[in-house]
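Shown next: work.pdb, given as PDB, C-alpha atoms, pLDDT in the B column.
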```
ATOM      1  CA  MET A   1       0.000   0.000   0.000  1.00 51.00           C
ATOM      2  CA  ARG A   2       2.895   2.347   0.843  1.00 45.00           C
ATOM      3  CA  GLU A   3       4.458   1.740  -2.597  1.00 45.00           C
ATOM      4  CA  ILE A   4       1.200   2.716  -4.299  1.00 43.00           C
ATOM      5  CA  ALA A   5       1.022   5.935  -2.287  1.00 40.00           C
ATOM      6  CA  LEU A   6       4.628   6.780  -3.220  1.00 37.00           C
ATOM      7  CA  LEU A   7       3.966   6.011  -6.886  1.00 38.00           C
ATOM      8  CA  CYS A   8       0.890   8.253  -6.883  1.00 40.00           C
ATOM      9  CA  ALA A   9       2.851  11.055  -5.236  1.00 42.00           C
ATOM     10  CA  ALA A  10       5.631  10.712  -7.818  1.00 41.00           C
ATOM     11  CA  LEU A  11       3.144  10.821 -10.683  1.00 41.00           C
ATOM     12  CA  LEU A  12       1.788  14.105  -9.348  1.00 44.00           C
ATOM     13  CA  VAL A  13       5.170  15.742  -8.678  1.00 43.00           C
ATOM     14  CA  VAL A  14       7.120  14.798 -11.824  1.00 41.00           C
ATOM     15  CA  PRO A  15       4.801  16.464 -14.407  1.00 45.00           C
ATOM     16  CA  ALA A  16       4.688  19.645 -12.325  1.00 45.00           C
ATOM     17  CA  ALA A  17       8.485  19.717 -12.066  1.00 43.00           C
ATOM     18  CA  LEU A  18       8.891  19.167 -15.804  1.00 42.00           C
ATOM     19  CA  ALA A  19       6.371  21.900 -16.615  1.00 44.00           C
ATOM     20  CA  ALA A  20       8.222  24.316 -14.348  1.00 45.00           C
ATOM     21  CA  GLU A  21      11.441  23.748 -16.334  1.00 48.00           C
ATOM     22  CA  GLU A  22       9.943  24.522 -19.743  1.00 51.00           C
ATOM     23  CA  PRO A  23      10.639  28.042 -20.976  1.00 53.00           C
ATOM     24  CA  LYS A  24       7.529  30.184 -20.895  1.00 78.00           C
ATOM     25  CA  VAL A  25       6.366  32.688 -23.456  1.00 85.00           C
ATOM     26  CA  GLN A  26       4.940  35.723 -21.768  1.00 90.00           C
ATOM     27  CA  GLN A  27       2.265  38.029 -23.102  1.00 94.00           C
ATOM     28  CA  MET A  28       3.417  41.632 -23.380  1.00 95.00           C
ATOM     29  CA  SER A  29       1.283  44.689 -24.030  1.00 96.00           C
ATOM     30  CA  PRO A  30       2.211  46.939 -26.939  1.00 97.00           C
ATOM     31  CA  ALA A  31       3.009  49.794 -24.524  1.00 96.00           C
ATOM     32  CA  GLU A  32       5.333  47.570 -22.492  1.00 97.00           C
ATOM     33  CA  ALA A  33       7.017  46.262 -25.662  1.00 96.00           C
ATOM     34  CA  ALA A  34       7.583  49.825 -26.899  1.00 97.00           C
ATOM     35  CA  ALA A  35       8.998  50.886 -23.527  1.00 97.00           C
ATOM     36  CA  GLN A  36      11.301  47.852 -23.385  1.00 97.00           C
ATOM     37  CA  MET A  37      12.432  48.440 -26.964  1.00 96.00           C
ATOM     38  CA  LYS A  38      13.184  52.102 -26.177  1.00 96.00           C
ATOM     39  CA  ALA A  39      15.170  51.031 -23.091  1.00 97.00           C
ATOM     40  CA  GLY A  40      17.214  48.547 -25.143  1.00 96.00           C
ATOM     41  CA  LYS A  41      15.708  45.556 -23.336  1.00 97.00           C
ATOM     42  CA  ALA A  42      13.632  44.127 -26.209  1.00 97.00           C
ATOM     43  CA  ILE A  43      13.602  43.628 -29.945  1.00 97.00           C
ATOM     44  CA  VAL A  44      10.243  43.583 -31.720  1.00 97.00           C
ATOM     45  CA  VAL A  45       9.791  41.167 -34.636  1.00 97.00           C
ATOM     46  CA  ASP A  46       6.923  41.265 -37.139  1.00 98.00           C
ATOM     47  CA  VAL A  47       6.067  37.772 -38.453  1.00 97.00           C
ATOM     48  CA  ARG A  48       3.373  38.823 -40.938  1.00 97.00           C
ATOM     49  CA  GLU A  49       3.749  38.147 -44.652  1.00 97.00           C
ATOM     50  CA  ARG A  50       4.936  40.796 -47.122  1.00 94.00           C
ATOM     51  CA  SER A  51       1.401  41.481 -48.400  1.00 94.00           C
ATOM     52  CA  GLU A  52       0.346  42.360 -44.832  1.00 96.00           C
ATOM     53  CA  LEU A  53       3.066  44.983 -44.464  1.00 95.00           C
ATOM     54  CA  GLU A  54       1.181  47.471 -46.658  1.00 91.00           C
ATOM     55  CA  ALA A  55      -0.634  48.561 -43.485  1.00 89.00           C
ATOM     56  CA  GLY A  56       2.743  49.466 -41.980  1.00 95.00           C
ATOM     57  CA  MET A  57       4.986  48.027 -39.290  1.00 97.00           C
ATOM     58  CA  ALA A  58       5.754  48.883 -35.702  1.00 97.00           C
ATOM     59  CA  ALA A  59       8.490  51.515 -35.856  1.00 96.00           C
ATOM     60  CA  GLY A  60      11.832  49.884 -35.140  1.00 94.00           C
ATOM     61  CA  ALA A  61      10.566  46.325 -35.657  1.00 96.00           C
ATOM     62  CA  ARG A  62      12.507  43.658 -37.505  1.00 96.00           C
ATOM     63  CA  TRP A  63      10.716  41.462 -40.058  1.00 96.00           C
ATOM     64  CA  TYR A  64      10.831  37.678 -40.290  1.00 96.00           C
ATOM     65  CA  PRO A  65       7.702  36.272 -41.973  1.00 97.00           C
ATOM     66  CA  THR A  66       6.097  33.056 -40.807  1.00 96.00           C
ATOM     67  CA  SER A  67       6.576  31.505 -44.250  1.00 96.00           C
ATOM     68  CA  SER A  68      10.362  31.928 -43.869  1.00 96.00           C
ATOM     69  CA  ILE A  69      10.262  30.432 -40.365  1.00 95.00           C
ATOM     70  CA  GLN A  70       8.470  27.384 -41.784  1.00 95.00           C
ATOM     71  CA  SER A  71      10.536  26.993 -44.950  1.00 96.00           C
ATOM     72  CA  ASP A  72      13.939  27.563 -43.316  1.00 95.00           C
ATOM     73  CA  PRO A  73      13.912  26.700 -39.595  1.00 94.00           C
ATOM     74  CA  GLU A  74      17.713  26.769 -39.438  1.00 94.00           C
ATOM     75  CA  GLY A  75      17.756  30.272 -40.951  1.00 94.00           C
ATOM     76  CA  TYR A  76      15.264  31.349 -38.301  1.00 94.00           C
ATOM     77  CA  ARG A  77      17.476  29.964 -35.521  1.00 93.00           C
ATOM     78  CA  LYS A  78      20.455  31.833 -37.034  1.00 94.00           C
ATOM     79  CA  PHE A  79      18.381  35.028 -37.137  1.00 95.00           C
ATOM     80  CA  LEU A  80      17.458  34.585 -33.468  1.00 95.00           C
ATOM     81  CA  GLY A  81      21.094  33.882 -32.630  1.00 94.00           C
ATOM     82  CA  SER A  82      22.148  37.123 -34.317  1.00 95.00           C
ATOM     83  CA  LEU A  83      19.980  39.190 -31.963  1.00 95.00           C
ATOM     84  CA  PRO A  84      21.453  40.479 -28.678  1.00 95.00           C
ATOM     85  CA  GLN A  85      21.108  37.705 -26.094  1.00 94.00           C
ATOM     86  CA  ASP A  86      20.277  40.100 -23.256  1.00 95.00           C
ATOM     87  CA  GLN A  87      17.118  41.335 -24.974  1.00 97.00           C
ATOM     88  CA  THR A  88      13.644  39.790 -24.986  1.00 97.00           C
ATOM     89  CA  VAL A  89      12.389  39.012 -28.487  1.00 97.00           C
ATOM     90  CA  VAL A  90       8.806  40.275 -28.740  1.00 98.00           C
ATOM     91  CA  PHE A  91       6.749  38.968 -31.662  1.00 97.00           C
ATOM     92  CA  TYR A  92       3.576  40.238 -33.312  1.00 97.00           C
ATOM     93  CA  CYS A  93       1.478  39.252 -36.328  1.00 96.00           C
ATOM     94  CA  ALA A  94      -2.034  40.255 -37.360  1.00 96.00           C
ATOM     95  CA  SER A  95      -3.921  38.731 -34.429  1.00 92.00           C
ATOM     96  CA  GLY A  96      -1.415  36.996 -32.129  1.00 92.00           C
ATOM     97  CA  VAL A  97      -1.600  33.367 -33.290  1.00 95.00           C
ATOM     98  CA  ARG A  98       1.450  33.233 -35.564  1.00 96.00           C
ATOM     99  CA  SER A  99       3.449  35.448 -33.218  1.00 96.00           C
ATOM    100  CA  GLY A 100       2.674  33.060 -30.360  1.00 95.00           C
ATOM    101  CA  LYS A 101       4.027  30.145 -32.383  1.00 95.00           C
ATOM    102  CA  ALA A 102       7.137  32.099 -33.409  1.00 96.00           C
ATOM    103  CA  ALA A 103       7.744  33.021 -29.757  1.00 96.00           C
ATOM    104  CA  GLU A 104       7.336  29.385 -28.666  1.00 95.00           C
ATOM    105  CA  ILE A 105       9.911  28.263 -31.225  1.00 94.00           C
ATOM    106  CA  ALA A 106      12.283  31.035 -30.129  1.00 95.00           C
ATOM    107  CA  SER A 107      11.898  30.009 -26.512  1.00 93.00           C
ATOM    108  CA  LYS A 108      11.949  26.214 -26.825  1.00 93.00           C
ATOM    109  CA  GLU A 109      14.334  25.690 -29.748  1.00 88.00           C
ATOM    110  CA  ALA A 110      16.624  28.702 -29.515  1.00 89.00           C
ATOM    111  CA  GLY A 111      16.562  29.272 -25.765  1.00 91.00           C
ATOM    112  CA  ARG A 112      15.501  32.893 -26.130  1.00 94.00           C
ATOM    113  CA  LYS A 113      13.453  34.932 -23.705  1.00 95.00           C
ATOM    114  CA  ALA A 114      10.406  35.550 -25.879  1.00 96.00           C
ATOM    115  CA  ALA A 115       7.086  37.347 -25.628  1.00 97.00           C
ATOM    116  CA  ASN A 116       3.919  37.601 -27.690  1.00 97.00           C
ATOM    117  CA  LEU A 117       2.653  41.141 -28.217  1.00 96.00           C
ATOM    118  CA  GLY A 118      -0.404  39.955 -30.121  1.00 94.00           C
ATOM    119  CA  GLY A 119      -1.466  41.731 -33.278  1.00 96.00           C
ATOM    120  CA  PHE A 120      -0.373  44.762 -35.248  1.00 97.00           C
ATOM    121  CA  LYS A 121      -3.887  46.093 -34.682  1.00 96.00           C
ATOM    122  CA  ASP A 122      -3.105  46.190 -30.944  1.00 96.00           C
ATOM    123  CA  TRP A 123       0.077  48.195 -31.594  1.00 97.00           C
ATOM    124  CA  LYS A 124      -1.857  50.694 -33.732  1.00 95.00           C
ATOM    125  CA  ALA A 125      -4.750  50.885 -31.240  1.00 95.00           C
ATOM    126  CA  ALA A 126      -2.240  51.812 -28.523  1.00 96.00           C
ATOM    127  CA  GLY A 127      -1.232  54.836 -30.638  1.00 96.00           C
ATOM    128  CA  LEU A 128       2.354  53.634 -31.016  1.00 97.00           C
ATOM    129  CA  PRO A 129       4.538  54.715 -33.951  1.00 96.00           C
ATOM    130  CA  VAL A 130       4.070  52.965 -37.283  1.00 96.00           C
ATOM    131  CA  THR A 131       6.381  53.110 -40.262  1.00 95.00           C
ATOM    132  CA  ALA A 132       6.073  52.143 -43.925  1.00 93.00           C
ATOM    133  CA  PRO A 133       8.541  49.348 -44.747  1.00 90.00           C
ATOM    134  CA  ALA A 134      10.857  49.688 -47.708  1.00 86.00           C
ATOM    135  CA  LYS A 135       9.753  47.778 -50.811  1.00 84.00           C
ATOM    136  CA  THR A 136      13.172  46.088 -50.742  1.00 85.00           C
ATOM    137  CA  LEU A 137      12.832  44.923 -47.111  1.00 86.00           C
ATOM    138  CA  GLN A 138      14.318  41.460 -46.612  1.00 88.00           C
ATOM    139  CA  PRO A 139      13.708  39.063 -43.708  1.00 90.00           C
ATOM    140  CA  GLY A 140      16.093  39.445 -40.820  1.00 86.00           C
TER
END
```
Here is a file; write its structure as structure tokens.
Amino acid sequence: MREIALLCAALLVVPAALAAEEPKVQQMSPAEAAAQMKAGKAIVVDVRERSELEAGMAAGARWYPTSSIQSDPEGYRKFLGSLPQDQTVVFYCASGVRSGKAAEIASKEAGRKAANLGGFKDWKAAGLPVTAPAKTLQPG
């Protein structure tokens, strides 16, 4: 009976311990992301596709579209590795789904501190600066 109790206790503790070790992706508000970027503590990355950039980009954001993440995972890891290690990488897309996935990959596969800002619409709604990307903008 004692062995069963110990086994049950172990089954409850081990999953909790493993979950605590997994890197977490935090949610970050657009205002917080902008403040962290201004303070040199974060880099903002837009993961929307080129056709979505016509609406503009968060001023100061880098661009790495989801299609490039999917087609060249090693290139994406190299991109993440090229960013300053002491800065949080904050992702956004149109609504927050793709940026959440990009942040999870950055956290789990590249060991980066990552956050999901949500959507570009949230950035604009917060009244934060928007810029028109160059037609020749390349991922990275």
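Interatomic distance, CA of Pro139 (chain A) against CA of Trp123 (chain A): 20.4 Å.
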> With all atoms listed in the file as the atoms that count, which of A:Ser67, A:Gln27, A:Ser99, A:Gln85 lies nearest to Gly111 (chain A)?
Replying inline: A:Gln85
> Selected by the PyMOL selection byres ((chain A and resi 140) around 12) in the shown coordinates: which residues, as a list in words?
Replying inline: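 Applied to this file, the PyMOL selection byres ((chain A and resi 140) around 12) returns Ile43, Val44, Val45, Asp46, Val47, Ala61, Arg62, Trp63, Tyr64, Pro65, Thr66, Ser68, Ile69, Gly75, Tyr76, Arg77, Lys78, Phe79, Leu80, Gly81, Ser82, Leu83, Leu137, Gln138 and Pro139 of chain A.
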> In Å to one decimal, how far is CA of Asp72 (chain A) from CA of Met28 (chain A)?
Replying inline: 26.6 Å
> Rounded to one decimal in Å, what is the spacing between CA of Ala125 (chain A) and CA of Ala39 (chain A)?
Replying inline: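 Those two atoms sit 21.5 Å apart.
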>> Once the PyMOL selection byres ((chain A and resi 51-60) around 7) has been evaluated on this model, what residues remain selected, and can you format them as number ranges by chain?
In response: A: 48-50, 61-62, 129-133
Find the nearest atom pair between each residue of region 64-108 of chain A and region 30-35 of chain A for residues within 12 Å, count only C-alpha atoms, give distances in Å to one decimal, sort rows by chain and ascending number, and present the table as JSON lines.
```
{"residue": "A:Gln87", "atom": "CA", "partner": "A:Ala33", "partner_atom": "CA", "distance": 11.3}
{"residue": "A:Thr88", "atom": "CA", "partner": "A:Ala33", "partner_atom": "CA", "distance": 9.3}
{"residue": "A:Val89", "atom": "CA", "partner": "A:Ala33", "partner_atom": "CA", "distance": 9.5}
{"residue": "A:Val90", "atom": "CA", "partner": "A:Ala33", "partner_atom": "CA", "distance": 7.0}
{"residue": "A:Phe91", "atom": "CA", "partner": "A:Ala33", "partner_atom": "CA", "distance": 9.4}
{"residue": "A:Tyr92", "atom": "CA", "partner": "A:Pro30", "partner_atom": "CA", "distance": 9.3}
{"residue": "A:Gly96", "atom": "CA", "partner": "A:Pro30", "partner_atom": "CA", "distance": 11.8}
```
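Proximity ranking of A:Cys93, A:Glu74, A:Arg98, A:Leu117 relative to Gln36 (chain A) places A:Leu117 first, based on all atoms listed in the file.
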Region 44-62 of chain A: axis-aligned bounding box, 4 Å on each side, centre and edge lengths in Å, one decimal, as JSON:
```
{"center_x": 5.9, "center_y": 44.6, "center_z": -40.1, "size_x": 21.1, "size_y": 21.7, "size_z": 24.7}
```
> So, counting all atoms listed in the file, which residue among A:Lys101, A:Ala110, A:Asn116, A:Gly127 is closest to Gln70 (chain A)?
Replying inline: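 Between A:Lys101, A:Ala110, A:Asn116, A:Gly127, the residue approaching Gln70 (chain A) most closely is A:Lys101.
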>> Given all atoms listed in the file as the basis, pick out the residue of A:Gly40, A:Pro84, A:Pro73, A:Gly118 nearest to Val97 (chain A).
In response: A:Gly118
